[in-house]
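The block underneath contains the structure these notes are about, expressed in structure tokens.
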Amino acid sequence: MTRRRDAHDAQRRMEHAEQGELSLTGPGPIVRPFGDTTGDGMVQVSFTLPLPHDKRAEGAALQLAAKMGMEPALLVHAKAIGPHYTFFVVYGSVTHLVDVREVEVTEREFPLLTSKEINSEIKKRLRRKLVVVGACIGTDAHTVGIDAILNIKGFAGEKGLEYYREMTVVNLGAQVLVPDLVNTAREVRADAVLVSQVVTQKDAHIHNTTAMSAAFREAFPAGSVPLLVVGGPRFEEGSAASLGVDRVFGRGTTPGEVASYLVHELVASRTQPDPRGAQR
Amino acid sequence: MVDLARSHTTVSVERATLRLAGLSGADHANIPWVNHLVDAVRDGVGLEHGVTTPVWDAVRRGEAPDLLTLAQKSASGAVTFRLPEGRDATASRKAARTSVARGIREIDRQRATRDRMVRRFGDPKQKPWIYLIVATGDIYEDIPQAQQAAREGADVIAVIRSTGQSLLDFVPEGATREGYAGTYATQENFRLMRAALDESSKELGRYVRLTNYASGLCMPEIAALAGLERLDMMLNDSMYGILFRDINPVRTFVDQRFSRQVHARAGIIINTGEDNYLTTADAVEAAHTVTVSQLLNEYFAKEAGLEDWQLGLGHAFEINPEIPDSFRLELAHALLARQLFPDAPLKWMPPTKHMTGDVFRGYLLDGFFNLVGAMTGQGILLVGMMTEAVVTPWLSDRDLALQNVRYVLNAAGGLTEDFSPPHDGLIQTRARQVLAEAVDLLDEIVSDTTTKGTAHPQPLLAAIADGTFGSMKRPPTKGKGLDGVVVKADAYDNPATTLLEEGATR
């Protein structure tokens, strides 16, 4: 019956919030998960316990749900997976409240530009082509990410960086060795190096990225290291500094976002054309 | 292309031949003895005549009592090789053939063992066979997972390889517990897993098959090890290594021919990798490249001696689910493959590209994938996981995935007999369109004469070089492993190839 009272309470607060009580009319700042009624706090979880399926296992599942803050919890499904494991689905109301004011997000620090704006910015301010080198490093053979960003084919309806008239793109493909990447970046005088990492087993994406950034910082004098950008579905936002790179892009990043970022970092801040000249 | 493959050998073909002759093991730095011996012969007299003649000549001259000692001595440069002539050459060749024939007979014995076990325990009751992947990186973790997967209903267990292995120019040695996104393919890992699945076969009363990868720079050697250790299926694509691993095209076609000859002899079913074309290109636009690749794989497979029942030609459910009629298009493509290759088992692979992390939607998509498999009578069904692109499959993910497969096969497994789409309907029209595009592409490849008169006049090489497949440009003069390719001399001899081509046992 708690649920009904909660719902009723939510309704009242929505219509006549008392003094000092947080409003429920607008979004936030205090929220609970939403099932079918504001404030019901309903969530679903599924998990497996290493116990044979019996009454005790079901009790154990409910104990876990309670410890996760689900009160009351409803065990809606339990099924044995072989003789030693049981799979559970639990629905219930979580007691936790979420304060939206305490959430920290990395807001996009650069404006999104159209491909036309990107080309004209580079042409106007850099006065030469922007050189981008991309690769999958280490043992990672999944070029899906880097290809989505670089290939003309692109991703999510946006054309890849190869499509930009004012960019020169060198896509080294899969399983590129870090020294080869460094050498190529030096040869073509890359402004930016894009690295994609999909395989995350045993934190391979972290190890590969830190090794890559260290190699670049060793090979280039300070201040002339190309902009290092890493992308992949499992990088944490805000981990750029600890990885030694300039920017991390996550799942769902589009070529346009990457291009806008490159322009923001390498081009837009310029008040003068690149002193290294147009032949680069 | 076949002439090209016949007229070259590679370091890996030569190493595979030594493995068949029983040379195994590695030095303290884990460099296999076959690598040492092939390198030493290459440095001494070259590989143009094959590795075996100079090696057995050295044994006959008393340089070492056996292959292992010879390899060890050669590693420190203590053996001088020569190209024997006349009676010495004949005697060396004969000795080499006797030794290599032992390996070939072991492959024959393993094939007979499989046949016996299939007779005793039986094949899976249903078609398609259910194919599940394990990939922990640690063979001792893989084993209980594979046995559990078999208990849950898997008919075929694939142990995914560590991603780096394709580009290793040697086969790692021993039981391994470290790998990235997979477990290294080694002879000992093969043996351990096959023994475990033999136990499972006994327990479950059906023969549980084992799959690994004969691909990358060591394709021939891994094929030989698979034959010796009774693996049942091997991933083995004619162009995958070239396009997606940047391995030299000539190296790949030479290695592939030898590996397929071994697979043919060993009774191994090959699985080809057409799914890869669809993950890098649009699955509707690139549908005909799958058909072309299947036809090429079929041709090269049959040329190497494989029979129809050994051709697990690949295709996949990778059309963007947002586009209208995506399911009907999938049906059209799957049915086309089924009808083009009526006697091949065909391997049907699940969605990966459009699995977003929304596991609920993914579960539905996998259900539709299973339905296409059931309606079009596919031979091998790789089970899709709703957590694709999220985590390596959990115990519960696999259980749910198998429930999905079982439900669909149970509910709709017989639909093949009712399902014959009308001639003018979307499905048949689309299938005809894809087939026509495939024929056009083949025509275009064959009639390309731009490389005529050059060092690599083969139109297929030209097509690979200009990015016809998978949008990758792979010229025959580039790519990894090129330095391991050798043009055969007239007097080249390889007893393994001879025994495989003659079907001889001695």
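Following the order of the structure tokens, first chain is A, next is B, and so on, with residues numbered from 1 inside each chain and ligands from 1 in the order they appear.
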
Next item on the list: Name the residues in contact with stretch 173-179 of chain B at a cut-off of 10 Å, using only C-alpha atoms, excluding same-chain residues fewer than 4 positions from it; report them as number ranges by chain.
Entry: A: 201-202; B: 24-27, 30-32, 135-142, 161-165, 183-192

Next item on the list: Excluding B:His354 and any residue of its chain fewer than 3 positions from it, enumerate the residues within 10 Å of it, using only C-alpha atoms, and give them as a list in words.
Entry: Thr279, Phe317, Glu318, Ile319, Asn320, Pro321, Glu322, Pro351, Gly357, Gly362, Leu365, Glu388 and Ala389 of chain B

Hey, could you make a per-residue contact list for chain B against chain A with 8 Å as the cut-off, showing the nearest pair of atoms and its distance in Å to one decimal, counting only C-alpha atoms, sorted by chain and number, as JSON lines?
```
{"residue": "B:Glu152", "atom": "CA", "partner": "A:Gly82", "partner_atom": "CA", "distance": 7.6}
{"residue": "B:Thr163", "atom": "CA", "partner": "A:Thr139", "partner_atom": "CA", "distance": 5.6}
{"residue": "B:Gly164", "atom": "CA", "partner": "A:Thr139", "partner_atom": "CA", "distance": 4.6}
{"residue": "B:Tyr180", "atom": "CA", "partner": "A:Gln201", "partner_atom": "CA", "distance": 6.0}
{"residue": "B:Ala181", "atom": "CA", "partner": "A:Gln201", "partner_atom": "CA", "distance": 5.7}
{"residue": "B:Phe244", "atom": "CA", "partner": "A:Ala174", "partner_atom": "CA", "distance": 7.7}
{"residue": "B:Arg245", "atom": "CA", "partner": "A:Ala174", "partner_atom": "CA", "distance": 6.9}
{"residue": "B:Thr279", "atom": "CA", "partner": "A:Val144", "partner_atom": "CA", "distance": 7.6}
{"residue": "B:Thr280", "atom": "CA", "partner": "A:Val144", "partner_atom": "CA", "distance": 6.5}
{"residue": "B:Leu395", "atom": "CA", "partner": "A:Thr48", "partner_atom": "CA", "distance": 8.0}
{"residue": "B:Ser396", "atom": "CA", "partner": "A:Phe87", "partner_atom": "CA", "distance": 6.6}
{"residue": "B:Asp399", "atom": "CA", "partner": "A:Ile81", "partner_atom": "CA", "distance": 6.9}
```

Checklist line | Between atom CA of B:Pro84 and atom CA of B:Gly46, distance in Å (one decimal) | finding: 13.1 Å

Next item on the list: Would you list the contacts of stretch 93-108 of chain A as a PyMOL selection string, taking every protein, DNA or RNA residue within 8 Å and counting only C-alpha atoms, but skipping same-chain residues closer than 2 positions in sequence?
Entry: chain A and resi 28-33+40-43+68-73+91+110-111+237-238

Selection to disk with C-alpha atoms, as a JSON list (two decimals), in the first residue's frame:
```json
[["chain", "number", "residue", "atom", "x", "y", "z"],
["A", 28, "GLY", "CA", 13.83, 17.91, -10.92],
["A", 29, "PRO", "CA", 15.73, 18.81, -8.98],
["A", 30, "ILE", "CA", 14.80, 15.74, -6.91],
["A", 31, "VAL", "CA", 13.67, 12.77, -9.00],
["A", 32, "ARG", "CA", 12.86, 9.10, -8.58],
["A", 33, "PRO", "CA", 12.56, 6.45, -11.29],
["A", 40, "ASP", "CA", 6.71, 5.53, -7.72],
["A", 41, "GLY", "CA", 10.44, 4.86, -7.92],
["A", 42, "MET", "CA", 9.96, 1.66, -9.93],
["A", 43, "VAL", "CA", 12.99, -0.13, -11.38],
["A", 68, "MET", "CA", 20.07, -2.30, -3.42],
["A", 69, "GLY", "CA", 17.36, -0.08, -1.98],
["A", 70, "MET", "CA", 14.37, -1.80, -3.56],
["A", 71, "GLU", "CA", 11.54, -1.68, -1.04],
["A", 72, "PRO", "CA", 9.17, -3.35, -1.58],
["A", 73, "ALA", "CA", 10.71, -5.74, -4.14],
["A", 91, "TYR", "CA", 10.72, -5.27, -9.96],
["A", 110, "PHE", "CA", 32.84, 23.56, -28.70],
["A", 111, "PRO", "CA", 30.12, 24.77, -31.06],
["A", 237, "GLU", "CA", 33.89, 10.85, -20.04],
["A", 238, "GLY", "CA", 36.45, 13.07, -18.41]]
```

Checklist line | Residues near B:Ile107, cut-off 7 Å, only C-alpha atoms, skip fewer than 2 positions along chain, as number ranges by chain | finding: B: 103-105, 109-111, 227-228, 266

Dump C-alpha atoms for the selected residues as a PDB file, in the first residue's frame?
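Now in out-v3.pdb:
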```
ATOM      1  CA  GLY B 103      51.217 -36.811 -39.918  1.00  0.00           C
ATOM      2  CA  ILE B 104      48.806 -37.292 -42.804  1.00  0.00           C
ATOM      3  CA  ARG B 105      47.855 -40.728 -41.473  1.00  0.00           C
ATOM      4  CA  ARG B 109      42.908 -41.500 -38.007  1.00  0.00           C
ATOM      5  CA  GLN B 110      41.356 -38.447 -36.377  1.00  0.00           C
ATOM      6  CA  ARG B 111      38.809 -38.203 -39.153  1.00  0.00           C
ATOM      7  CA  GLY B 227      43.592 -31.876 -38.481  1.00  0.00           C
ATOM      8  CA  LEU B 228      45.974 -33.506 -36.008  1.00  0.00           C
ATOM      9  CA  ALA B 266      40.644 -33.927 -42.332  1.00  0.00           C
TER      10      ALA B 266
END
```

Note to self: Just the number, please: distance in Å from atom CA of B:Arg15 to atom CA of B:Val100, one decimal.
What the structure shows: 11.7 Å

Checklist line | Who sits within 7 Å of B:Val134, only C-alpha atoms, same chain under 2 positions skipped, as JSON, numbers by chain | finding: {"B": [132, 136, 142, 145, 146, 158, 159, 160]}

Keeping C-alpha atoms, export the residues of the selection given above as a PDB file, in the first residue's frame.
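File written: part_16.pdb
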```pdb
ATOM      1  CA  LEU B 132      28.081 -20.773 -29.598  1.00  0.00           C
ATOM      2  CA  THR B 136      37.700 -15.784 -21.989  1.00  0.00           C
ATOM      3  CA  ASP B 142      37.053 -21.700 -21.599  1.00  0.00           C
ATOM      4  CA  GLN B 145      32.227 -22.550 -20.147  1.00  0.00           C
ATOM      5  CA  ALA B 146      32.253 -24.636 -23.304  1.00  0.00           C
ATOM      6  CA  ALA B 158      33.853 -21.907 -31.231  1.00  0.00           C
ATOM      7  CA  VAL B 159      36.816 -20.717 -29.221  1.00  0.00           C
ATOM      8  CA  ILE B 160      37.456 -17.187 -30.427  1.00  0.00           C
TER       9      ILE B 160
END
```

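Coordinates place atom CA of B:Thr376 at a distance of 11.9 Å from atom CA of B:Arg328.
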